[in-house]
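Undergrad: Structure: final10.cif, mmCIF, C-alpha atoms.
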data_work
#
loop_
_atom_site.label_atom_id
_atom_site.label_comp_id
_atom_site.auth_asym_id
_atom_site.auth_seq_id
_atom_site.Cartn_x
_atom_site.Cartn_y
_atom_site.Cartn_z
CA MET A 1482 -12.52 -21.88 -8.33
CA ASN A 1483 -11.75 -21.03 -11.93
CA ASP A 1484 -8.29 -22.44 -12.79
CA LYS A 1485 -7.49 -19.26 -14.66
CA VAL A 1486 -7.80 -17.20 -11.48
CA ALA A 1487 -5.23 -19.43 -9.77
CA SER A 1488 -2.53 -18.41 -12.25
CA PRO A 1489 0.38 -16.38 -10.83
CA ASP A 1490 -0.64 -13.49 -13.09
CA PHE A 1491 -3.60 -12.94 -10.79
CA ARG A 1492 -1.53 -12.73 -7.62
CA SER A 1493 -0.06 -9.23 -7.79
CA GLU A 1494 -2.13 -7.76 -4.97
CA GLY A 1495 -1.93 -10.66 -2.52
CA ASP A 1496 -2.08 -14.36 -1.83
CA LEU A 1497 -5.23 -16.11 -3.05
CA ASN A 1498 -7.63 -17.70 -0.62
CA ALA A 1499 -8.78 -20.89 -2.35
CA THR A 1500 -5.58 -22.72 -3.22
CA PRO A 1501 -4.76 -26.32 -2.14
CA ASN A 1502 -2.14 -24.98 0.29
CA ARG A 1503 -4.74 -22.74 1.91
CA GLN A 1504 -7.24 -25.57 2.20
CA GLN A 1505 -4.64 -27.92 3.64
CA TRP A 1506 -3.50 -25.34 6.19
CA GLN A 1507 -6.99 -24.64 7.41
CA THR A 1508 -7.63 -28.33 8.08
CA THR A 1509 -4.73 -28.32 10.54
CA LEU A 1510 -6.22 -25.54 12.70
CA ASP A 1511 -8.37 -26.02 15.74
CA HIS A 1512 -11.30 -23.79 14.80
CA LYS A 1513 -13.76 -24.74 17.50
CA LYS A 1514 -14.99 -21.18 17.95
CA ALA A 1515 -13.88 -19.49 14.76
CA SER A 1516 -15.31 -22.06 12.35
CA ASN A 1517 -18.86 -20.98 13.16
CA THR A 1518 -18.00 -17.31 12.59
CA ILE A 1519 -16.23 -18.13 9.32
CA GLN A 1520 -19.23 -20.13 8.09
CA ARG A 1521 -21.62 -17.31 9.04
CA ASP A 1522 -19.35 -14.87 7.17
CA ALA A 1523 -19.42 -17.05 4.03
CA ALA A 1524 -23.21 -17.31 4.25
CA VAL A 1525 -23.90 -13.57 4.29
CA PHE A 1526 -21.09 -11.78 2.40
CA PHE A 1527 -20.55 -11.78 -1.35
CA HIS A 1528 -17.73 -14.19 -2.16
CA GLN A 1529 -14.75 -12.49 -3.75
CA SER A 1530 -11.13 -13.36 -4.34
CA LEU A 1531 -8.65 -12.24 -1.67
CA SER A 1532 -11.45 -12.15 0.93
CA THR A 1533 -13.51 -15.34 0.91
CA PRO A 1534 -13.21 -17.83 2.53
CA CYS A 1535 -11.68 -15.94 5.45
CA LEU A 1536 -8.46 -17.15 7.02
CA ASP A 1537 -9.69 -16.96 10.59
CA SER A 1538 -11.71 -14.82 12.97
CA ILE A 1539 -9.89 -12.16 15.01
CA GLU A 1540 -11.16 -11.50 18.51
CA LYS A 1541 -8.79 -8.72 19.56
CA ALA A 1542 -5.69 -6.85 18.42
CA LYS A 1543 -3.26 -4.77 20.47
CA GLY A 1544 0.04 -3.29 19.42
CA THR A 1545 1.75 -5.76 17.09
CA LEU A 1546 -0.30 -8.77 18.18
CA ILE A 1547 -3.54 -10.16 16.82
CA THR A 1548 -5.46 -12.82 18.76
CA THR A 1549 -7.87 -15.16 17.01
CA GLU A 1550 -11.22 -16.24 18.36
CA ASP A 1551 -9.62 -19.53 19.43
CA GLY A 1552 -6.82 -17.79 21.31
CA ARG A 1553 -3.92 -18.09 18.83
CA GLU A 1554 -1.54 -15.10 18.94
CA MET A 1555 0.38 -13.85 15.93
CA LEU A 1556 2.77 -11.01 15.29
CA ASP A 1557 1.08 -8.99 12.57
CA PHE A 1558 3.50 -7.86 9.87
CA HIS A 1559 0.63 -7.24 7.43
CA GLY A 1560 -2.06 -4.98 8.88
CA ASN A 1561 -3.24 -3.87 5.43
CA TYR A 1562 -0.78 -0.97 5.82
CA VAL A 1563 -3.11 0.85 8.21
CA HIS A 1564 -1.49 0.15 11.58
CA ASN A 1565 1.32 2.71 11.58
CA LEU A 1566 1.33 2.61 15.39
CA GLY A 1567 0.10 -0.93 15.80
CA PHE A 1568 -3.45 -1.76 16.79
CA SER A 1569 -5.47 0.32 19.27
CA HIS A 1570 -2.74 2.74 20.26
CA PRO A 1571 -3.91 4.28 23.57
CA ALA A 1572 -3.25 7.86 22.46
CA VAL A 1573 -5.42 7.39 19.36
CA VAL A 1574 -8.18 5.60 21.29
CA GLN A 1575 -8.26 8.39 23.87
CA ALA A 1576 -8.37 11.08 21.18
CA LEU A 1577 -11.35 9.34 19.58
CA LYS A 1578 -13.18 9.08 22.91
CA ASN A 1579 -12.60 12.77 23.60
CA GLN A 1580 -13.77 13.75 20.13
CA LEU A 1581 -16.95 11.68 20.44
CA ASP A 1582 -17.92 13.76 23.45
CA GLU A 1583 -17.34 17.03 21.58
CA LEU A 1584 -18.26 16.65 17.90
CA SER A 1585 -18.85 13.28 16.28
CA PHE A 1586 -19.91 14.44 12.81
CA CYS A 1587 -19.59 17.59 10.74
CA THR A 1588 -22.38 18.28 8.28
CA ARG A 1589 -21.21 19.13 4.79
CA ARG A 1590 -20.97 22.86 4.01
CA TYR A 1591 -19.51 23.39 7.51
CA THR A 1592 -16.02 22.93 8.82
CA ASN A 1593 -14.45 22.14 12.20
CA GLN A 1594 -11.21 22.88 13.99
CA LYS A 1595 -9.85 19.31 14.00
CA THR A 1596 -10.14 18.89 10.24
CA VAL A 1597 -8.58 22.28 9.49
CA GLU A 1598 -5.74 21.52 11.93
CA LEU A 1599 -5.08 18.19 10.19
CA ALA A 1600 -5.06 19.81 6.74
CA GLU A 1601 -2.60 22.45 7.94
CA LYS A 1602 -0.34 19.78 9.43
CA LEU A 1603 -0.25 17.71 6.24
CA VAL A 1604 0.54 20.78 4.15
CA GLY A 1605 3.34 21.59 6.57
CA TYR A 1606 4.99 18.21 6.00
CA SER A 1607 5.38 19.14 2.33
CA LYS A 1608 6.94 22.49 3.35
CA GLY A 1609 4.04 24.23 1.66
CA GLU A 1610 4.79 22.85 -1.81
CA LEU A 1611 1.48 20.96 -1.70
CA SER A 1612 -0.77 23.60 -0.22
CA ARG A 1613 -4.30 22.34 -0.92
CA VAL A 1614 -6.14 19.36 0.60
CA LEU A 1615 -9.33 17.37 0.09
CA PHE A 1616 -10.38 14.52 2.37
CA ALA A 1617 -12.37 11.40 1.48
CA PRO A 1618 -13.60 8.24 3.23
CA GLY A 1619 -11.15 5.97 1.37
CA GLY A 1620 -8.13 5.82 -0.92
CA ALA A 1621 -10.04 4.94 -4.09
CA GLU A 1622 -12.29 7.99 -3.64
CA ALA A 1623 -9.24 10.21 -3.06
CA MET A 1624 -7.64 8.87 -6.24
CA SER A 1625 -10.86 9.56 -8.13
CA MET A 1626 -10.74 13.16 -6.94
CA ALA A 1627 -7.13 13.48 -8.09
CA MET A 1628 -8.13 12.22 -11.54
CA LYS A 1629 -10.96 14.76 -11.73
CA ILE A 1630 -8.69 17.62 -10.69
CA ALA A 1631 -6.13 16.61 -13.33
CA ARG A 1632 -8.78 16.59 -16.06
CA MET A 1633 -10.12 19.99 -15.05
CA HIS A 1634 -6.67 21.55 -14.81
CA THR A 1635 -5.24 20.22 -18.08
CA GLY A 1636 -8.38 19.98 -20.20
CA ARG A 1637 -7.22 16.46 -21.13
CA PHE A 1638 -8.38 13.00 -20.10
CA LYS A 1639 -5.67 10.49 -21.07
CA THR A 1640 -3.36 9.03 -18.42
CA ILE A 1641 -0.27 6.85 -18.17
CA SER A 1642 -0.08 4.39 -15.29
CA LEU A 1643 1.90 1.23 -14.59
CA TRP A 1644 1.19 -2.47 -14.99
CA ASP A 1645 0.96 -4.42 -11.71
CA SER A 1646 -0.16 -1.26 -9.91
CA PHE A 1647 -3.09 -0.91 -7.52
CA HIS A 1648 -4.96 2.34 -6.88
CA GLY A 1649 -8.29 1.02 -5.58
CA ALA A 1650 -11.04 -1.35 -6.64
CA THR A 1651 -13.60 1.09 -8.07
CA LEU A 1652 -14.22 1.11 -11.83
CA ASP A 1653 -12.16 4.25 -12.47
CA THR A 1654 -9.24 3.14 -10.29
CA ILE A 1655 -9.03 -0.33 -11.83
CA SER A 1656 -8.91 1.44 -15.20
CA ILE A 1657 -5.65 3.09 -14.24
CA GLY A 1658 -4.58 0.08 -12.16
CA GLY A 1659 -2.66 -2.79 -13.66
CA GLU A 1660 -3.78 -5.96 -11.87
CA ALA A 1661 -5.50 -8.68 -13.85
CA ILE A 1662 -7.57 -9.95 -10.94
CA PHE A 1663 -9.46 -6.63 -10.91
CA ARG A 1664 -9.53 -5.87 -14.64
CA ASN A 1665 -10.15 -9.15 -16.46
CA GLN A 1666 -13.65 -9.80 -17.85
CA ILE A 1667 -15.06 -6.69 -16.15
CA GLY A 1668 -16.14 -5.05 -19.40
CA PRO A 1669 -15.28 -1.60 -20.81
CA LEU A 1670 -13.00 0.51 -18.63
CA LEU A 1671 -12.25 4.23 -18.89
CA THR A 1672 -10.87 5.18 -22.27
CA GLY A 1673 -7.49 6.79 -22.79
CA GLN A 1674 -5.67 4.89 -20.06
CA GLU A 1675 -2.19 3.94 -21.29
CA HIS A 1676 0.04 1.59 -19.30
CA ALA A 1677 3.82 1.24 -19.03
CA PRO A 1678 6.04 -1.38 -17.36
CA PRO A 1679 6.91 -0.72 -13.71
CA PRO A 1680 10.50 -0.16 -12.52
CA ASN A 1681 11.02 -3.77 -11.42
CA PRO A 1682 14.51 -5.11 -12.26
CA SER A 1683 13.57 -8.69 -11.30
CA SER A 1684 10.88 -8.77 -14.00
CA CYS A 1685 11.93 -6.23 -16.61
CA PRO A 1686 10.75 -6.34 -20.25
CA PHE A 1687 13.72 -4.15 -21.21
CA ASN A 1688 16.17 -6.80 -19.92
CA CYS A 1689 18.00 -4.38 -17.66
CA GLY A 1690 19.11 -7.20 -15.36
CA GLN A 1691 19.68 -6.44 -11.69
CA SER A 1692 20.61 -2.81 -12.37
CA CYS A 1693 17.90 -0.53 -13.81
CA ASN A 1694 19.07 1.65 -16.72
CA LEU A 1695 15.86 3.73 -16.71
CA GLN A 1696 14.47 2.36 -19.97
CA CYS A 1697 11.10 2.13 -18.18
CA ALA A 1698 11.24 5.87 -17.47
CA ASN A 1699 12.27 6.53 -21.07
CA TYR A 1700 9.22 4.57 -22.24
CA ILE A 1701 6.92 6.83 -20.21
CA GLU A 1702 8.46 9.84 -21.94
CA TYR A 1703 8.04 8.06 -25.28
CA ILE A 1704 4.29 7.66 -24.66
CA LEU A 1705 4.01 11.28 -23.51
CA GLU A 1706 5.61 12.45 -26.74
CA LYS A 1707 3.66 10.14 -29.06
CA GLU A 1708 0.25 10.83 -27.51
CA GLY A 1709 0.87 14.53 -27.07
CA ASP A 1710 -2.19 15.11 -24.90
CA ILE A 1711 -1.65 13.08 -21.73
CA CYS A 1712 -3.40 14.51 -18.72
CA ALA A 1713 -1.33 12.86 -15.98
CA VAL A 1714 1.15 10.16 -15.11
CA ILE A 1715 -0.33 8.24 -12.17
CA ALA A 1716 1.79 5.79 -10.21
CA GLU A 1717 2.74 4.50 -6.80
CA THR A 1718 5.98 6.11 -5.68
CA ILE A 1719 7.06 2.63 -4.66
CA ARG A 1720 4.95 -0.47 -5.22
CA SER A 1721 4.08 -1.94 -1.86
CA THR A 1722 5.60 -5.32 -2.85
CA PRO A 1723 7.97 -3.36 -2.64
CA PHE A 1724 9.42 -2.34 -6.00
CA ILE A 1725 11.85 0.48 -5.18
CA PRO A 1726 12.75 2.61 -8.22
CA PRO A 1727 16.33 3.88 -8.52
CA LYS A 1728 17.04 7.42 -7.34
CA ASP A 1729 16.91 8.99 -10.80
CA TYR A 1730 13.67 7.33 -11.93
CA TRP A 1731 11.23 9.87 -10.55
CA LYS A 1732 13.46 12.80 -11.49
CA LYS A 1733 13.36 11.64 -15.10
CA VAL A 1734 9.58 11.12 -15.04
CA ARG A 1735 9.07 14.50 -13.35
CA GLN A 1736 11.10 16.22 -16.08
CA ALA A 1737 9.17 14.38 -18.81
CA CYS A 1738 5.82 15.43 -17.32
CA ASP A 1739 6.93 19.06 -17.16
CA LYS A 1740 8.18 18.95 -20.74
CA HIS A 1741 4.91 17.55 -22.12
CA GLY A 1742 2.42 19.42 -19.92
CA ALA A 1743 1.25 16.41 -17.91
CA LEU A 1744 0.67 16.32 -14.17
CA LEU A 1745 2.44 13.83 -11.91
CA ILE A 1746 0.12 12.13 -9.41
CA LEU A 1747 1.78 9.83 -6.89
CA ASP A 1748 -0.18 7.24 -4.94
CA GLU A 1749 1.25 6.82 -1.43
CA ILE A 1750 -1.86 5.31 0.14
CA PRO A 1751 -0.03 2.32 1.68
CA HIS A 1752 3.19 3.96 2.81
CA ALA A 1753 3.02 7.74 3.33
CA LEU A 1754 3.21 9.27 6.81
CA GLY A 1755 6.36 7.61 7.97
CA ARG A 1756 6.48 3.97 6.95
CA THR A 1757 9.49 4.59 4.65
CA GLY A 1758 11.31 6.82 7.14
CA ARG A 1759 9.98 10.05 5.59
CA MET A 1760 6.55 11.60 5.95
CA PHE A 1761 6.12 11.35 2.18
CA THR A 1762 7.83 8.64 0.16
CA PHE A 1763 8.53 11.02 -2.75
CA GLN A 1764 10.88 12.91 -0.41
CA HIS A 1765 13.38 10.08 -0.91
CA TYR A 1766 13.62 11.09 -4.58
CA GLY A 1767 14.13 14.84 -4.39
CA ILE A 1768 10.99 15.70 -6.38
CA THR A 1769 7.51 17.03 -5.63
CA PRO A 1770 4.49 15.66 -7.50
CA ASP A 1771 1.59 17.85 -8.53
CA MET A 1772 -0.63 15.72 -6.30
CA VAL A 1773 -0.09 12.96 -3.76
CA VAL A 1774 -2.82 10.62 -2.54
CA LEU A 1775 -2.83 9.38 1.06
CA GLY A 1776 -4.92 6.78 2.88
CA LYS A 1777 -4.56 3.60 4.94
CA GLY A 1778 -2.49 4.85 7.90
CA LEU A 1779 -4.06 8.33 7.83
CA GLY A 1780 -6.94 7.02 9.93
CA ALA A 1781 -4.49 5.55 12.48
CA GLY A 1782 -5.67 2.00 11.86
CA ILE A 1783 -9.12 2.71 13.29
CA VAL A 1784 -11.06 5.14 11.08
CA PRO A 1785 -11.27 4.91 7.24
CA PHE A 1786 -9.79 8.15 5.91
CA ALA A 1787 -7.86 9.40 2.89
CA ALA A 1788 -6.68 12.62 1.32
CA VAL A 1789 -5.36 14.22 -1.83
CA LEU A 1790 -2.79 17.01 -1.50
CA GLY A 1791 -2.02 19.25 -4.44
CA LYS A 1792 -0.19 22.33 -5.62
CA GLU A 1793 -1.72 25.78 -5.27
CA GLU A 1794 -2.17 26.38 -9.01
CA LEU A 1795 -4.59 23.45 -9.23
CA ASN A 1796 -7.04 25.25 -6.96
CA GLU A 1797 -7.75 27.91 -9.55
CA SER A 1798 -8.76 25.31 -12.14
CA ILE A 1799 -11.37 23.61 -9.96
CA SER A 1800 -12.86 26.61 -8.18
CA GLU A 1801 -16.66 26.35 -8.06
CA ARG A 1802 -16.54 22.79 -9.46
CA ALA A 1803 -17.74 19.66 -7.65
CA ILE A 1804 -14.86 17.28 -6.95
CA GLY A 1805 -15.72 15.08 -3.99
CA HIS A 1806 -18.49 16.26 -1.69
CA PHE A 1807 -18.38 13.06 0.36
CA THR A 1808 -20.70 12.97 3.35
CA HIS A 1809 -17.78 12.32 5.70
CA GLU A 1810 -15.41 14.66 3.87
CA LYS A 1811 -14.45 16.68 6.96
CA SER A 1812 -14.83 14.03 9.63
CA PRO A 1813 -13.81 15.34 13.07
CA ILE A 1814 -13.50 11.74 14.30
CA ALA A 1815 -11.08 10.71 11.54
CA SER A 1816 -9.18 13.97 11.88
CA ALA A 1817 -8.77 13.49 15.63
CA ALA A 1818 -7.40 9.99 15.05
CA ALA A 1819 -4.98 11.22 12.38
CA LEU A 1820 -3.73 14.11 14.52
CA ALA A 1821 -3.14 11.79 17.48
CA MET A 1822 -1.25 9.36 15.25
CA LEU A 1823 0.97 12.10 13.83
CA GLU A 1824 1.65 13.48 17.31
CA VAL A 1825 2.86 10.03 18.46
CA ILE A 1826 5.13 9.75 15.41
CA GLU A 1827 6.71 13.09 16.27
CA LYS A 1828 6.96 12.66 20.06
CA GLU A 1829 8.33 9.12 19.89
CA HIS A 1830 10.73 9.94 16.99
CA LEU A 1831 9.35 7.07 14.94
CA LEU A 1832 10.80 8.30 11.65
CA GLU A 1833 14.27 7.85 13.11
CA HIS A 1834 13.24 4.48 14.56
CA VAL A 1835 12.06 3.28 11.13
CA VAL A 1836 15.42 4.23 9.57
CA GLN A 1837 17.25 2.37 12.35
CA MET A 1838 15.13 -0.75 11.92
CA GLU A 1839 15.65 -0.66 8.14
CA SER A 1840 19.42 -0.64 8.66
CA TYR A 1841 19.19 -3.41 11.27
CA ILE A 1842 17.16 -5.71 9.02
CA ALA A 1843 19.36 -5.08 5.97
CA GLN A 1844 22.55 -5.75 7.87
CA GLU A 1845 21.45 -8.47 10.31
CA TYR A 1846 19.06 -10.61 8.26
CA PHE A 1847 19.35 -9.95 4.54
CA PRO A 1848 22.86 -11.47 4.16
CA GLN A 1849 21.81 -14.77 5.72
CA LEU A 1850 18.57 -14.86 3.75
CA ARG A 1851 20.49 -14.40 0.48
CA GLU A 1852 22.45 -17.56 1.27
CA ILE A 1853 19.23 -19.56 0.80
CA SER A 1854 19.18 -20.61 -2.86
CA TRP A 1855 15.44 -19.96 -3.28
CA VAL A 1856 15.76 -16.33 -2.16
CA HIS A 1857 16.01 -14.44 -5.45
CA ASP A 1858 15.98 -10.88 -4.09
CA THR A 1859 15.60 -8.88 -0.89
CA ARG A 1860 14.24 -5.33 -0.92
CA ILE A 1861 13.65 -2.76 1.79
CA LEU A 1862 12.76 0.90 2.21
CA GLY A 1863 11.92 1.84 5.78
CA LEU A 1864 9.55 -0.86 6.98
CA MET A 1865 8.42 -1.89 3.50
CA ILE A 1866 10.15 -5.27 3.13
CA GLY A 1867 10.14 -7.81 0.31
CA ILE A 1868 11.76 -11.27 0.11
CA GLU A 1869 11.27 -12.65 -3.39
CA LEU A 1870 11.40 -16.42 -3.86
CA ARG A 1871 12.25 -18.10 -7.18
CA ASP A 1872 13.31 -21.54 -8.30
CA PRO A 1873 17.13 -21.37 -8.43
CA SER A 1874 17.30 -23.57 -11.53
CA THR A 1875 14.47 -22.14 -13.66
CA LYS A 1876 14.20 -18.62 -12.15
CA GLU A 1877 10.42 -19.07 -12.18
CA LYS A 1878 8.39 -17.60 -9.33
CA ALA A 1879 8.27 -20.07 -6.43
CA VAL A 1880 4.54 -19.68 -5.83
CA ASP A 1881 3.94 -23.03 -4.16
CA LEU A 1882 6.99 -22.65 -1.91
CA ALA A 1883 5.99 -19.10 -0.92
CA GLU A 1884 2.53 -20.26 0.11
CA LYS A 1885 3.94 -23.12 2.18
CA VAL A 1886 6.37 -20.75 3.89
CA MET A 1887 3.59 -18.28 4.64
CA TYR A 1888 1.28 -20.87 6.21
CA THR A 1889 4.15 -22.37 8.20
CA CYS A 1890 4.98 -18.91 9.54
CA MET A 1891 1.34 -18.30 10.44
CA THR A 1892 1.25 -21.59 12.33
CA ASN A 1893 4.36 -20.45 14.20
CA GLY A 1894 2.99 -17.03 15.09
CA LEU A 1895 3.74 -14.59 12.25
CA ASN A 1896 1.15 -13.06 9.94
CA PHE A 1897 2.06 -11.46 6.58
CA LYS A 1898 0.87 -11.55 2.99
CA LEU A 1899 2.38 -12.57 -0.34
CA SER A 1900 2.66 -10.22 -3.29
CA MET A 1901 3.31 -10.96 -6.97
CA GLY A 1902 2.80 -14.65 -6.25
CA SER A 1903 6.10 -15.36 -4.54
CA THR A 1904 7.25 -12.30 -2.60
CA ILE A 1905 7.05 -12.36 1.19
CA ASN A 1906 5.65 -8.90 1.90
CA LEU A 1907 6.34 -7.58 5.42
CA THR A 1908 4.90 -4.30 6.73
CA PRO A 1909 5.18 -4.17 10.53
CA PRO A 1910 4.03 -1.11 12.46
CA MET A 1911 6.45 1.80 12.67
CA SER A 1912 6.65 1.19 16.41
CA VAL A 1913 7.84 -2.43 16.02
CA SER A 1914 10.58 -3.38 18.46
CA LYS A 1915 13.94 -4.95 17.63
CA ALA A 1916 12.87 -8.02 19.64
CA GLU A 1917 9.74 -8.39 17.50
CA ILE A 1918 11.81 -8.09 14.32
CA ASP A 1919 14.16 -10.77 15.64
CA GLN A 1920 11.20 -13.03 16.40
CA ALA A 1921 9.65 -12.50 12.96
CA PHE A 1922 12.82 -13.10 10.95
CA THR A 1923 13.69 -16.17 13.02
CA ILE A 1924 10.28 -17.63 12.12
CA ILE A 1925 10.80 -16.79 8.42
CA SER A 1926 14.37 -18.13 8.30
CA ASN A 1927 13.37 -21.37 10.01
CA ALA A 1928 10.46 -21.86 7.59
CA LEU A 1929 12.63 -21.19 4.53
CA ASN A 1930 15.40 -23.51 5.71
CA ASP A 1931 12.93 -26.29 6.58
CA ILE A 1932 10.86 -26.09 3.39
CA ALA A 1933 13.35 -24.90 0.74
#
Turn the structure described in the file into structure tokens.

TA:
Amino acid sequence: MNDKVASPDFRSEGDLNATPNRQQWQTTLDHKKASNTIQRDAAVFFHQSLSTPCLDSIEKAKGTLITTEDGREMLDFHGNYVHNLGFSHPAVVQALKNQLDELSFCTRRYTNQKTVELAEKLVGYSKGELSRVLFAPGGAEAMSMAMKIARMHTGRFKTISLWDSFHGATLDTISIGGEAIFRNQIGPLLTGQEHAPPPNPSSCPFNCGQSCNLQCANYIEYILEKEGDICAVIAETIRSTPFIPPKDYWKKVRQACDKHGALLILDEIPHALGRTGRMFTFQHYGITPDMVVLGKGLGAGIVPFAAVLGKEELNESISERAIGHFTHEKSPIASAAALAMLEVIEKEHLLEHVVQMESYIAQEYFPQLREISWVHDTRILGLMIGIELRDPSTKEKAVDLAEKVMYTCMTNGLNFKLSMGSTINLTPPMSVSKAEIDQAFTIISNALNDIA
């Protein structure tokens, strides 16, 4: 592997898959069955960072547990943000089976009751402030549609987005994204894409320290004023690492967009629909964007599905224009899965459960984690959890330590990913139990105490 790709600057989206720690860990596993599957995978798929070589081969997944082909069980606190209800929730599986018997596919130019019902439900969660919907097969496509709508509505094409952000891996979404592993040496990207620093106090170019003074928000307004013709500010409401902006951050950005005639597009693909304790993450900040992009959990961890929701006035600007027209735009299968997932969230009061688990983790485990010298910061919003590791003497990211902790935890039955090189990134299902949280944090604490 190219040494340049191994640099921490290339680790913002996740842990890399060809490091010495990864290779050493895999030699310790008994891969009698999985090794053949992993080799077959490597022989037929394009090799790309973050995916090849594969960690292991999963045979089945149920609830919070994944089981490998060789029978190892792990609590999954990763799930690629799609398993809001855990894996294979029976209500979602049954809804899919029922829908297959009725209508498995809806030809474009037609509609169906399930898709309309889902659109109405999503609009309702925004209390009607976002009254228009388009569906797409995946988050990157939904973001592309949002960018098109913004261009058509404003008559402009320039955007402001944030460094270290991720909005998808297509050419247009890596143009607005801010991760080197997707952008470097790829050739010309979309023109007019300005970038600003993210609201991350632990790595702030404005030297705010541990308390953000909103200089990052001021810089966005500075660009808006200097450029004069920005189409939209596009950003994740919170970075899934997570970076959690202060309460006034989005209010300030919202006001700046309104002042300079730019739209505000918020990407909530990894965490909308309950993971933060609200149906939409922007509801924590007391603002409404012009558009919000959903994905990941929308398909209930089974069906790929995404959406863009927008304000009513945007509809007039795009009438009779082609925006998406994806073959599976109004999928009755995906809609049935999404509706079943949302019904479970409501019936089982999972939003309240998420808030309770957030409080439990913050009070029960964060204080003892902060006593470990290598733990630089702990962050949480709902069930978006980050434990950032840094060398206590140099304050440099503890990349090697983080990798060793992760592989030790995986050996002991807990699966998660790393973000930004040295942040333990935990995203359990919304339905996770207190006992499962206890088990996971015991594994993490033991690994940190043993290795650090």

Undergrad: Select from range 1733-1787 of chain A every residue with an atom at most 10 Å from any atom of range 1854-1869 of chain A, then for each give the shortest pair of atoms and their distance in Å to one decimal, using all atoms listed in the file, rows by chain and rising number, as a Markdown table.

TA:
| residue | atom | partner | partner_atom | distance |
| --- | --- | --- | --- | --- |
| A:Pro1751 | CA | A:Met1865 | CA | 9.6 |
| A:His1752 | CA | A:Met1865 | CA | 7.9 |
| A:Gly1755 | CA | A:Gly1863 | CA | 8.3 |
| A:Arg1756 | CA | A:Leu1864 | CA | 5.7 |
| A:Thr1757 | CA | A:Gly1863 | CA | 3.8 |
| A:Gly1758 | CA | A:Gly1863 | CA | 5.2 |
| A:Arg1759 | CA | A:Gly1863 | CA | 8.4 |
| A:Thr1762 | CA | A:Leu1862 | CA | 9.4 |
| A:His1765 | CA | A:Leu1862 | CA | 9.7 |

Undergrad: Under the PyMOL selection byres ((chain A and resi 1628) around 9), which residues of this model are included? Write them out as a list in words.

TA: Ala1623, Met1624, Ser1625, Met1626, Ala1627, Lys1629, Ile1630, Ala1631, Arg1632, Met1633, Phe1638, Thr1640, Asp1653, Cys1712, Ala1713, Ile1715 and Ile1746 of chain A

Undergrad: Would you list the residues near (-17.4, 11.0, 12.8), meaning any protein, DNA or RNA residue with an atom at most 8 Å from that point in file coordinates, counting only C-alpha atoms, as an mmCIF file with C-alpha atoms, in the frame of the given file?

TA:
data_model
loop_
_atom_site.group_PDB
_atom_site.id
_atom_site.type_symbol
_atom_site.label_atom_id
_atom_site.label_comp_id
_atom_site.auth_asym_id
_atom_site.auth_seq_id
_atom_site.Cartn_x
_atom_site.Cartn_y
_atom_site.Cartn_z
ATOM 1 C CA LEU A 1581 -16.950 11.680 20.440
ATOM 2 C CA LEU A 1584 -18.260 16.650 17.900
ATOM 3 C CA SER A 1585 -18.850 13.280 16.280
ATOM 4 C CA PHE A 1586 -19.910 14.440 12.810
ATOM 5 C CA CYS A 1587 -19.590 17.590 10.740
ATOM 6 C CA HIS A 1809 -17.780 12.320 5.700
ATOM 7 C CA SER A 1812 -14.830 14.030 9.630
ATOM 8 C CA PRO A 1813 -13.810 15.340 13.070
ATOM 9 C CA ILE A 1814 -13.500 11.740 14.300
ATOM 10 C CA ALA A 1815 -11.080 10.710 11.540
#

Undergrad: Looking at all atoms listed in the file, which of A:Leu1907, A:Val1774, A:Leu1531, A:Cys1738 is the one that sits closest to Leu1556 in chain A?

TA: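 Once distances to Leu1556 in chain A are computed over all atoms listed in the file, the minimum belongs to A:Leu1907.
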
Undergrad: With all atoms listed in the file as the counted atoms, please give the residues lying no more than 6 Å from range 1592-1605 of chain A, apart from itself and same-chain residues fewer than 4 positions off, as a CSV table (one decimal) with C-alpha atoms, keeping the file's coordinate frame.

TA:
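part00.csv, freshly written:
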chain,number,residue,atom,x,y,z
A,1609,GLY,CA,4.0,24.2,1.7
A,1611,LEU,CA,1.5,21.0,-1.7
A,1612,SER,CA,-0.8,23.6,-0.2
A,1811,LYS,CA,-14.4,16.7,7.0
A,1813,PRO,CA,-13.8,15.3,13.1
A,1816,SER,CA,-9.2,14.0,11.9

Undergrad: What is the distance, in Å and to one decimal place, between CA of Glu1702 in chain A and CA of Lys1733 in chain A?

TA: 8.6 Å

Undergrad: Distance CA of Asn1694 in chain A-CA of Pro1727 in chain A, one decimal place?

TA: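 Interatomic distance here is 8.9 Å.
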
Undergrad: What's the 10 Å shell around Gly1620 in chain A, counting all atoms listed in the file, without same-chain residues fewer than 6 positions away, as a compact mmCIF listing (two decimals) with C-alpha atoms, in the frame of the given file?

TA:
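Writing the result to around.txt gives the following:
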# COMPACT_ATOMS: atom_id res chain seq x y z
CA MET A 1626 -10.74 13.16 -6.94
CA HIS A 1648 -4.96 2.34 -6.88
CA GLY A 1649 -8.29 1.02 -5.58
CA ALA A 1650 -11.04 -1.35 -6.64
CA THR A 1654 -9.24 3.14 -10.29
CA ASP A 1748 -0.18 7.24 -4.94
CA GLU A 1749 1.25 6.82 -1.43
CA ILE A 1750 -1.86 5.31 0.14
CA PRO A 1751 -0.03 2.32 1.68
CA VAL A 1774 -2.82 10.62 -2.54
CA LEU A 1775 -2.83 9.38 1.06
CA GLY A 1776 -4.92 6.78 2.88
CA LYS A 1777 -4.56 3.60 4.94
CA LEU A 1779 -4.06 8.33 7.83
CA PRO A 1785 -11.27 4.91 7.24
CA PHE A 1786 -9.79 8.15 5.91
CA ALA A 1787 -7.86 9.40 2.89
CA ALA A 1788 -6.68 12.62 1.32
CA VAL A 1789 -5.36 14.22 -1.83
